[in-house]
Amino acid sequence: GFGMTKTNHKKNWLAVLIVLLFLALVLYLDQKIKPTNSMYMLMTVLQKGSVYALAAVSMNLLNGYTGLFSLGHAGFMLIGAYAYAIFTIPSSSRDTVYQYYDATVKFSFPEVFSASLGPAGTVLGIILAVLIAGIAAAIFAYLIGLPVLKLKSDYLAIATLGFAEIIRAVFQWSKLGPVTNGSNLLKSFPRTSTFKFKLAGETIKLSTFVPVLIATICIALIVLLVNSTYGRSFKAIRDDEIAAEAMGINLAKHKMISFVTSSFFAGVSGAMMAMVLSIAQASNFKSAMTYEILLMVVLGGIGSISGSVIGSLLFVAASEWWLRGLDSGRFLGIEAPNVFRNGFRLVVFSIIIMIVVLFFRKGIMGDKEITDLFRKKQKVPAKEAGK
């Protein structure tokens, strides 16, 4: 298989090149498309799509690659969103945000670091807060995973769903108000619309580029994990637990690694969601959010990372942008306010999804990746086939 490794290297470079070109395009669009432009919805789709893409890929790591059917994703995203918000609210706004409570956390990372490092410190503070968002979610996942990961399939799904709902209730509990602001929302923290810097008198906007970049880096890390020896162990557990154990794979350890890693990235996507929506509020992270993300994974193809990304972008584009007209009374040039009324796009959307799920049983990509589409079908020389 020397020929294989060569094509793999080529394939990897191709993937890296596509990603870099995409990032450059997003940066260019950030400068060009103004909020007044009719294409501005594309930027919204890219921002929200990148949040959901990371959430879907991290869920796919658990459900698609390790075969652990968990429904606790929204809970870990909630933890991430709150961790990010709590540690980045500037001290000047803290009293107005926590108007009913005496805030426990009195400092903000971007401010602490920018005092000594200037603008670079602000960036460092935001990066640190995003990492803490992931770590907080991962710690919760570890604690929840100890009792829950011994359960199989449906029982695991119900238990994780239960924990996600408990987390949501606890975060709204008034006794925790000084930390989580109770059932009130957290706001005034650094959000994507404020990400810009001056360069030679020009303002370079990064409001879409930053979430897309964070998502890209995290998804790349998940790809590396899936293709590592750990990834192979995950797939072995998914295909046959008993056989995997017989081959010497420590089930408890590998399930925990998968669960904690998936939750870490869910936490990061929660932080990104706070940045993009510019609020963090527990009541947004309902179990319906987990189902939406699961739907993106299924649409894209369980066991395909690029599938999860495509599924998320299509899902967000359809619900936020393309079917928007169905609610306002016009669609594809047809004006029918009495037919197309509020909530109608959800009906159409549900029908589209049902059709896709019926006809594409394996989702859009199945278990293939984008780079597999460029691979030439190779004839194996007789000499090598015998080896």
# chains A, B, ... in the order shown; residues from 1 in each chain; ligands from 1

$ residues_around --residues "region 105-113 of chain A" --least-positions-apart "3" --cutoff "8 Å" --atoms "only C-alpha atoms" --output "list in words"
Ile86, Phe87, Thr88, Ile89, Pro90, Ser91, Arg94, Ser116, Leu117, Gly118, Gly121, Thr122, Val123, Leu124, Gly125, Ile126, Leu128, Ala129 and Val179 of chain A

$ write_last_selection --atoms "all heavy atoms" --output "short mmCIF file (atom, residue, chain, number, x, y, z; two decimals), in the first residue's frame"
data_model
loop_
_atom_site.label_atom_id
_atom_site.label_comp_id
_atom_site.auth_asym_id
_atom_site.auth_seq_id
_atom_site.Cartn_x
_atom_site.Cartn_y
_atom_site.Cartn_z
N ILE A 86 -19.76 34.50 31.15
CA ILE A 86 -19.44 34.91 32.52
C ILE A 86 -18.03 35.49 32.62
O ILE A 86 -17.80 36.47 33.32
CB ILE A 86 -19.62 33.72 33.49
CG1 ILE A 86 -21.12 33.41 33.66
CG2 ILE A 86 -18.99 34.00 34.85
CD1 ILE A 86 -21.41 32.06 34.30
N PHE A 87 -17.09 34.89 31.86
CA PHE A 87 -15.70 35.33 32.00
C PHE A 87 -15.31 36.44 31.03
O PHE A 87 -14.15 36.84 30.97
CB PHE A 87 -14.74 34.15 31.83
CG PHE A 87 -14.76 33.22 33.01
CD1 PHE A 87 -15.27 31.93 32.89
CD2 PHE A 87 -14.27 33.63 34.24
CE1 PHE A 87 -15.30 31.08 33.99
CE2 PHE A 87 -14.30 32.79 35.34
CZ PHE A 87 -14.82 31.52 35.22
N THR A 88 -16.26 36.94 30.22
CA THR A 88 -15.88 38.01 29.28
C THR A 88 -16.74 39.26 29.40
O THR A 88 -16.54 40.21 28.65
CB THR A 88 -15.94 37.51 27.82
OG1 THR A 88 -17.24 36.99 27.56
CG2 THR A 88 -14.89 36.45 27.53
N ILE A 89 -17.73 39.28 30.32
CA ILE A 89 -18.54 40.50 30.47
C ILE A 89 -17.65 41.60 31.07
O ILE A 89 -17.06 41.41 32.13
CB ILE A 89 -19.76 40.26 31.37
CG1 ILE A 89 -20.71 39.26 30.71
CG2 ILE A 89 -20.49 41.56 31.67
CD1 ILE A 89 -21.88 38.85 31.58
N PRO A 90 -17.53 42.74 30.39
CA PRO A 90 -16.65 43.80 30.92
C PRO A 90 -17.16 44.32 32.28
O PRO A 90 -18.37 44.34 32.52
CB PRO A 90 -16.71 44.89 29.85
CG PRO A 90 -17.86 44.55 28.98
CD PRO A 90 -18.12 43.09 29.10
N SER A 91 -16.23 44.72 33.15
CA SER A 91 -16.60 45.09 34.52
C SER A 91 -17.56 46.29 34.54
O SER A 91 -18.39 46.41 35.44
CB SER A 91 -15.36 45.39 35.34
OG SER A 91 -14.45 46.14 34.59
N ARG A 94 -21.04 44.89 34.14
CA ARG A 94 -21.42 43.73 34.96
C ARG A 94 -22.63 44.04 35.86
O ARG A 94 -23.52 43.22 36.01
CB ARG A 94 -20.22 43.25 35.79
CG ARG A 94 -20.30 41.77 36.11
CD ARG A 94 -18.98 41.21 36.56
NE ARG A 94 -18.13 40.83 35.46
CZ ARG A 94 -18.11 39.62 34.91
NH1 ARG A 94 -18.93 38.69 35.35
NH2 ARG A 94 -17.30 39.32 33.94
N SER A 116 -2.34 44.60 30.16
CA SER A 116 -0.90 44.48 30.03
C SER A 116 -0.44 44.28 28.57
O SER A 116 0.67 44.66 28.21
CB SER A 116 -0.40 43.30 30.88
OG SER A 116 -1.15 42.14 30.55
N LEU A 117 -1.32 43.68 27.72
CA LEU A 117 -0.89 43.33 26.37
C LEU A 117 -1.57 44.13 25.27
O LEU A 117 -1.28 43.91 24.08
CB LEU A 117 -1.14 41.83 26.13
CG LEU A 117 -0.42 40.85 27.07
CD1 LEU A 117 -0.95 39.44 26.87
CD2 LEU A 117 1.09 40.87 26.80
N GLY A 118 -2.49 45.03 25.64
CA GLY A 118 -3.18 45.79 24.61
C GLY A 118 -4.16 44.91 23.83
O GLY A 118 -4.68 43.93 24.34
N GLY A 121 -4.04 41.25 23.97
CA GLY A 121 -4.55 40.69 25.22
C GLY A 121 -6.04 40.41 25.16
O GLY A 121 -6.52 39.41 25.70
N THR A 122 -6.76 41.31 24.46
CA THR A 122 -8.20 41.09 24.29
C THR A 122 -8.44 39.78 23.55
O THR A 122 -9.27 38.96 23.94
CB THR A 122 -8.83 42.25 23.50
OG1 THR A 122 -8.41 43.47 24.10
CG2 THR A 122 -10.35 42.17 23.49
N VAL A 123 -7.68 39.60 22.45
CA VAL A 123 -7.80 38.37 21.65
C VAL A 123 -7.47 37.15 22.52
O VAL A 123 -8.21 36.16 22.53
CB VAL A 123 -6.86 38.42 20.43
CG1 VAL A 123 -6.92 37.11 19.64
CG2 VAL A 123 -7.25 39.59 19.52
N LEU A 124 -6.38 37.26 23.27
CA LEU A 124 -5.95 36.16 24.13
C LEU A 124 -7.03 35.83 25.17
O LEU A 124 -7.33 34.66 25.43
CB LEU A 124 -4.64 36.53 24.83
CG LEU A 124 -3.97 35.44 25.65
CD1 LEU A 124 -3.49 34.31 24.74
CD2 LEU A 124 -2.79 35.99 26.45
N GLY A 125 -7.62 36.89 25.74
CA GLY A 125 -8.67 36.70 26.75
C GLY A 125 -9.87 35.97 26.18
O GLY A 125 -10.44 35.08 26.82
N ILE A 126 -10.25 36.33 24.94
CA ILE A 126 -11.40 35.68 24.29
C ILE A 126 -11.07 34.22 24.00
O ILE A 126 -11.88 33.32 24.26
CB ILE A 126 -11.81 36.44 23.01
CG1 ILE A 126 -12.42 37.79 23.40
CG2 ILE A 126 -12.79 35.63 22.17
CD1 ILE A 126 -12.68 38.73 22.26
N LEU A 128 -8.97 32.33 25.58
CA LEU A 128 -8.95 31.63 26.87
C LEU A 128 -10.37 31.32 27.34
O LEU A 128 -10.66 30.22 27.81
CB LEU A 128 -8.21 32.48 27.92
CG LEU A 128 -7.99 31.80 29.26
CD1 LEU A 128 -7.12 30.55 29.10
CD2 LEU A 128 -7.31 32.74 30.26
N ALA A 129 -11.28 32.30 27.18
CA ALA A 129 -12.67 32.09 27.61
C ALA A 129 -13.33 30.97 26.80
O ALA A 129 -14.08 30.17 27.34
CB ALA A 129 -13.45 33.39 27.46
N VAL A 179 -23.90 33.75 39.90
CA VAL A 179 -23.01 33.23 38.85
C VAL A 179 -23.71 33.25 37.49
O VAL A 179 -23.18 33.78 36.51
CB VAL A 179 -22.54 31.78 39.17
CG1 VAL A 179 -21.64 31.26 38.06
CG2 VAL A 179 -21.84 31.74 40.51
#

$ residues_around --residues "Ser319 (chain A)" --least-positions-apart "5" --cutoff "8 Å" --atoms "only C-alpha atoms" --output "ChimeraX atom specification"
/A:324,345-346,349

$ write_last_selection --atoms "N, CA and C atoms" --output "short mmCIF file (atom, residue, chain, number, x, y, z; two decimals), in the first residue's frame"
data_model
loop_
_atom_site.label_atom_id
_atom_site.label_comp_id
_atom_site.auth_asym_id
_atom_site.auth_seq_id
_atom_site.Cartn_x
_atom_site.Cartn_y
_atom_site.Cartn_z
N ARG A 324 -37.45 31.76 4.05
CA ARG A 324 -37.89 32.92 4.82
C ARG A 324 -39.15 33.53 4.21
N ARG A 345 -43.17 28.17 6.74
CA ARG A 345 -41.88 27.62 6.28
C ARG A 345 -41.51 26.37 7.09
N LEU A 346 -41.94 26.32 8.35
CA LEU A 346 -41.62 25.15 9.17
C LEU A 346 -42.33 23.91 8.63
N PHE A 349 -40.50 22.98 5.49
CA PHE A 349 -39.18 22.48 5.92
C PHE A 349 -39.30 21.04 6.40
#

$ select_by_dssp --residues "region 49-244 of chain A" --states "strand (DSSP E or B)" --output "list in words"
Leu186, Lys196, Phe197, Lys198, Leu199, Glu202, Thr203, Ile204 and Lys205 of chain A

$ residues_around --residues "Thr208 (chain A)" --least-positions-apart "3" --cutoff "12 Å" --atoms "only C-alpha atoms" --output "PyMOL selection string"
chain A and resi 23-34+40-51+191-196+204-205+211-215+272+275-276

$ write_last_selection --atoms "C-alpha atoms" --output "mmCIF file, in the first residue's frame"
data_model
loop_
_atom_site.group_PDB
_atom_site.id
_atom_site.type_symbol
_atom_site.label_atom_id
_atom_site.label_comp_id
_atom_site.auth_asym_id
_atom_site.auth_seq_id
_atom_site.Cartn_x
_atom_site.Cartn_y
_atom_site.Cartn_z
ATOM 1 C CA LEU A 23 -11.367 30.936 4.766
ATOM 2 C CA ALA A 24 -9.885 33.519 2.391
ATOM 3 C CA LEU A 25 -13.254 33.811 0.627
ATOM 4 C CA VAL A 26 -15.076 34.328 3.943
ATOM 5 C CA LEU A 27 -12.593 37.055 4.951
ATOM 6 C CA TYR A 28 -13.134 38.746 1.577
ATOM 7 C CA LEU A 29 -16.946 38.547 1.895
ATOM 8 C CA ASP A 30 -16.708 40.011 5.407
ATOM 9 C CA GLN A 31 -15.238 43.188 3.925
ATOM 10 C CA LYS A 32 -17.466 43.357 0.843
ATOM 11 C CA ILE A 33 -21.004 42.477 1.994
ATOM 12 C CA LYS A 34 -22.590 45.306 3.973
ATOM 13 C CA TYR A 40 -26.159 39.757 3.849
ATOM 14 C CA MET A 41 -28.249 36.734 4.883
ATOM 15 C CA LEU A 42 -25.402 34.629 3.500
ATOM 16 C CA MET A 43 -23.178 36.004 6.270
ATOM 17 C CA THR A 44 -25.796 35.118 8.901
ATOM 18 C CA VAL A 45 -26.004 31.611 7.437
ATOM 19 C CA LEU A 46 -22.205 31.274 7.532
ATOM 20 C CA GLN A 47 -22.060 32.502 11.146
ATOM 21 C CA LYS A 48 -24.861 30.317 12.483
ATOM 22 C CA GLY A 49 -23.889 27.508 10.127
ATOM 23 C CA SER A 50 -20.361 27.386 11.535
ATOM 24 C CA VAL A 51 -21.743 27.150 15.087
ATOM 25 C CA ARG A 191 -19.600 39.232 20.229
ATOM 26 C CA THR A 192 -18.707 38.583 16.611
ATOM 27 C CA SER A 193 -20.095 41.916 15.358
ATOM 28 C CA THR A 194 -17.459 43.718 17.460
ATOM 29 C CA PHE A 195 -14.520 41.746 16.030
ATOM 30 C CA LYS A 196 -12.574 44.123 13.827
ATOM 31 C CA ILE A 204 -10.850 44.883 8.689
ATOM 32 C CA LYS A 205 -14.119 43.217 9.787
ATOM 33 C CA PRO A 211 -16.675 31.895 13.992
ATOM 34 C CA VAL A 212 -15.811 30.162 10.711
ATOM 35 C CA LEU A 213 -12.134 30.024 11.722
ATOM 36 C CA ILE A 214 -12.872 28.621 15.206
ATOM 37 C CA ALA A 215 -15.198 25.993 13.707
ATOM 38 C CA MET A 272 -19.578 30.532 19.557
ATOM 39 C CA MET A 275 -20.819 35.235 20.345
ATOM 40 C CA VAL A 276 -22.987 35.041 17.242
#

$ residues_around --residues "Val357 (chain A)" --least-positions-apart "5" --cutoff "9 Å" --atoms "only C-alpha atoms" --output "VMD selection string"
chain A and resid 298 to 299 352 362 to 363

$ write_last_selection --atoms "C-alpha atoms" --output "compact mmCIF listing (two decimals), in the first residue's frame"
# COMPACT_ATOMS: atom_id res chain seq x y z
CA VAL A 298 -28.55 12.43 9.85
CA LEU A 299 -29.11 14.68 6.81
CA ILE A 352 -38.47 18.53 2.73
CA LYS A 362 -27.77 7.31 4.49
CA GLY A 363 -27.96 11.07 4.28

$ closest_residue --among "A:Ala81, A:Val16, A:Val316, A:Ala159" --to "Ile293 (chain A)" --atoms "only C-alpha atoms"
A:Val316

$ closest_residue --among "A:Thr36, A:Thr160, A:Asn250, A:Ser269" --to "Thr216 (chain A)" --atoms "only C-alpha atoms"
A:Ser269

$ closest_residue --among "A:Tyr230, A:Ala200, A:Pro178, A:Gly64" --to "Gly366 (chain A)" --atoms "only C-alpha atoms"
A:Gly64

$ atom_distance --atom1 "CA of Gly80 (chain A)" --atom2 "CA of Ala55 (chain A)"
11.5 Å

$ closest_residue --among "A:Leu314, A:Leu17, A:Val148, A:Ala274" --to "Ile353 (chain A)" --atoms "only C-alpha atoms"
A:Leu314

$ residues_around --residues "Ile144 (chain A)" --least-positions-apart "2" --cutoff "10 Å" --atoms "only C-alpha atoms" --output "list of chain:residue names"
A:Ala138, A:Ile139, A:Phe140, A:Ala141, A:Tyr142, A:Leu146, A:Pro147, A:Val148, A:Leu149, A:Ala159, A:Thr160, A:Phe163, A:Met256, A:Phe259, A:Val260

$ select_by_dssp --residues "region 2-67 of chain A" --states "alpha helix (DSSP H)" --output "PyMOL selection string"
chain A and resi 2-32+40-60

$ residues_around --residues "Met296 (chain A)" --least-positions-apart "5" --cutoff "9 Å" --atoms "only C-alpha atoms" --output "PyMOL selection string"
chain A and resi 52-53+56+291+301+307-315

$ residues_around --residues "Asp367 (chain A)" --least-positions-apart "5" --cutoff "7 Å" --atoms "only C-alpha atoms" --output "PyMOL selection string"
chain A and resi 301-304

$ closest_residue --among "A:Ile305, A:Ala133, A:Glu245, A:Tyr98" --to "Asn227 (chain A)" --atoms "only C-alpha atoms"
A:Ile305

$ decode --residues "region 192-279 of chain A" --atoms "C-alpha atoms" --output "tab-separated table (two decimals), in the first residue's frame"
chain	number	residue	atom	x	y	z
A	192	THR	CA	-18.71	38.58	16.61
A	193	SER	CA	-20.10	41.92	15.36
A	194	THR	CA	-17.46	43.72	17.46
A	195	PHE	CA	-14.52	41.75	16.03
A	196	LYS	CA	-12.57	44.12	13.83
A	197	PHE	CA	-9.16	45.72	13.72
A	198	LYS	CA	-7.49	48.70	12.04
A	199	LEU	CA	-4.85	48.03	9.41
A	200	ALA	CA	-3.23	50.94	7.55
A	201	GLY	CA	-6.29	53.11	8.17
A	202	GLU	CA	-8.69	50.44	6.91
A	203	THR	CA	-11.08	48.63	9.25
A	204	ILE	CA	-10.85	44.88	8.69
A	205	LYS	CA	-14.12	43.22	9.79
A	206	LEU	CA	-13.93	39.69	11.19
A	207	SER	CA	-17.51	39.10	12.31
A	208	THR	CA	-18.02	36.06	10.06
A	209	PHE	CA	-14.40	35.06	9.70
A	210	VAL	CA	-13.86	34.44	13.43
A	211	PRO	CA	-16.67	31.90	13.99
A	212	VAL	CA	-15.81	30.16	10.71
A	213	LEU	CA	-12.13	30.02	11.72
A	214	ILE	CA	-12.87	28.62	15.21
A	215	ALA	CA	-15.20	25.99	13.71
A	216	THR	CA	-12.60	25.07	11.07
A	217	ILE	CA	-9.80	24.59	13.63
A	218	CYS	CA	-12.01	22.49	15.91
A	219	ILE	CA	-13.39	20.34	13.08
A	220	ALA	CA	-9.82	19.78	11.85
A	221	LEU	CA	-8.87	18.54	15.34
A	222	ILE	CA	-11.86	16.15	15.32
A	223	VAL	CA	-10.80	14.86	11.87
A	224	LEU	CA	-7.30	14.19	13.25
A	225	LEU	CA	-8.80	12.37	16.24
A	226	VAL	CA	-11.08	10.24	14.06
A	227	ASN	CA	-8.15	9.21	11.87
A	228	SER	CA	-5.90	8.39	14.84
A	229	THR	CA	-5.66	5.07	16.69
A	230	TYR	CA	-8.30	6.39	19.10
A	231	GLY	CA	-10.62	6.94	16.15
A	232	ARG	CA	-10.10	3.36	15.02
A	233	SER	CA	-10.94	2.14	18.52
A	234	PHE	CA	-14.11	4.28	18.51
A	235	LYS	CA	-15.22	2.70	15.23
A	236	ALA	CA	-14.44	-0.77	16.57
A	237	ILE	CA	-16.65	-0.09	19.62
A	238	ARG	CA	-19.40	1.17	17.32
A	239	ASP	CA	-19.27	-1.90	15.07
A	240	ASP	CA	-19.06	-4.53	17.81
A	241	GLU	CA	-18.44	-3.85	21.49
A	242	ILE	CA	-17.71	-7.46	22.43
A	243	ALA	CA	-15.23	-7.94	19.60
A	244	ALA	CA	-13.59	-4.61	20.43
A	245	GLU	CA	-13.15	-5.66	24.05
A	246	ALA	CA	-11.77	-9.02	22.95
A	247	MET	CA	-9.18	-7.15	20.87
A	248	GLY	CA	-8.05	-5.39	24.03
A	249	ILE	CA	-9.81	-2.04	23.65
A	250	ASN	CA	-10.70	-0.63	27.06
A	251	LEU	CA	-14.40	0.14	26.54
A	252	ALA	CA	-14.96	2.40	29.55
A	253	LYS	CA	-11.86	4.47	28.79
A	254	HIS	CA	-12.57	4.94	25.10
A	255	LYS	CA	-16.25	5.73	25.59
A	256	MET	CA	-15.27	8.33	28.17
A	257	ILE	CA	-12.64	9.87	25.86
A	258	SER	CA	-15.22	10.12	23.07
A	259	PHE	CA	-17.89	11.56	25.38
A	260	VAL	CA	-15.59	14.13	26.98
A	261	THR	CA	-14.05	15.20	23.64
A	262	SER	CA	-17.46	15.53	22.00
A	263	SER	CA	-18.67	17.62	24.96
A	264	PHE	CA	-15.55	19.80	24.90
A	265	PHE	CA	-16.31	20.81	21.31
A	266	ALA	CA	-20.01	21.16	22.13
A	267	GLY	CA	-18.95	23.64	24.82
A	268	VAL	CA	-16.87	25.56	22.28
A	269	SER	CA	-19.81	25.66	19.87
A	270	GLY	CA	-21.96	26.96	22.75
A	271	ALA	CA	-19.44	29.77	23.29
A	272	MET	CA	-19.58	30.53	19.56
A	273	MET	CA	-23.36	30.57	19.70
A	274	ALA	CA	-23.22	33.16	22.48
A	275	MET	CA	-20.82	35.24	20.34
A	276	VAL	CA	-22.99	35.04	17.24
A	277	LEU	CA	-26.37	35.62	18.93
A	278	SER	CA	-24.78	38.09	21.39
A	279	ILE	CA	-26.83	36.70	24.29
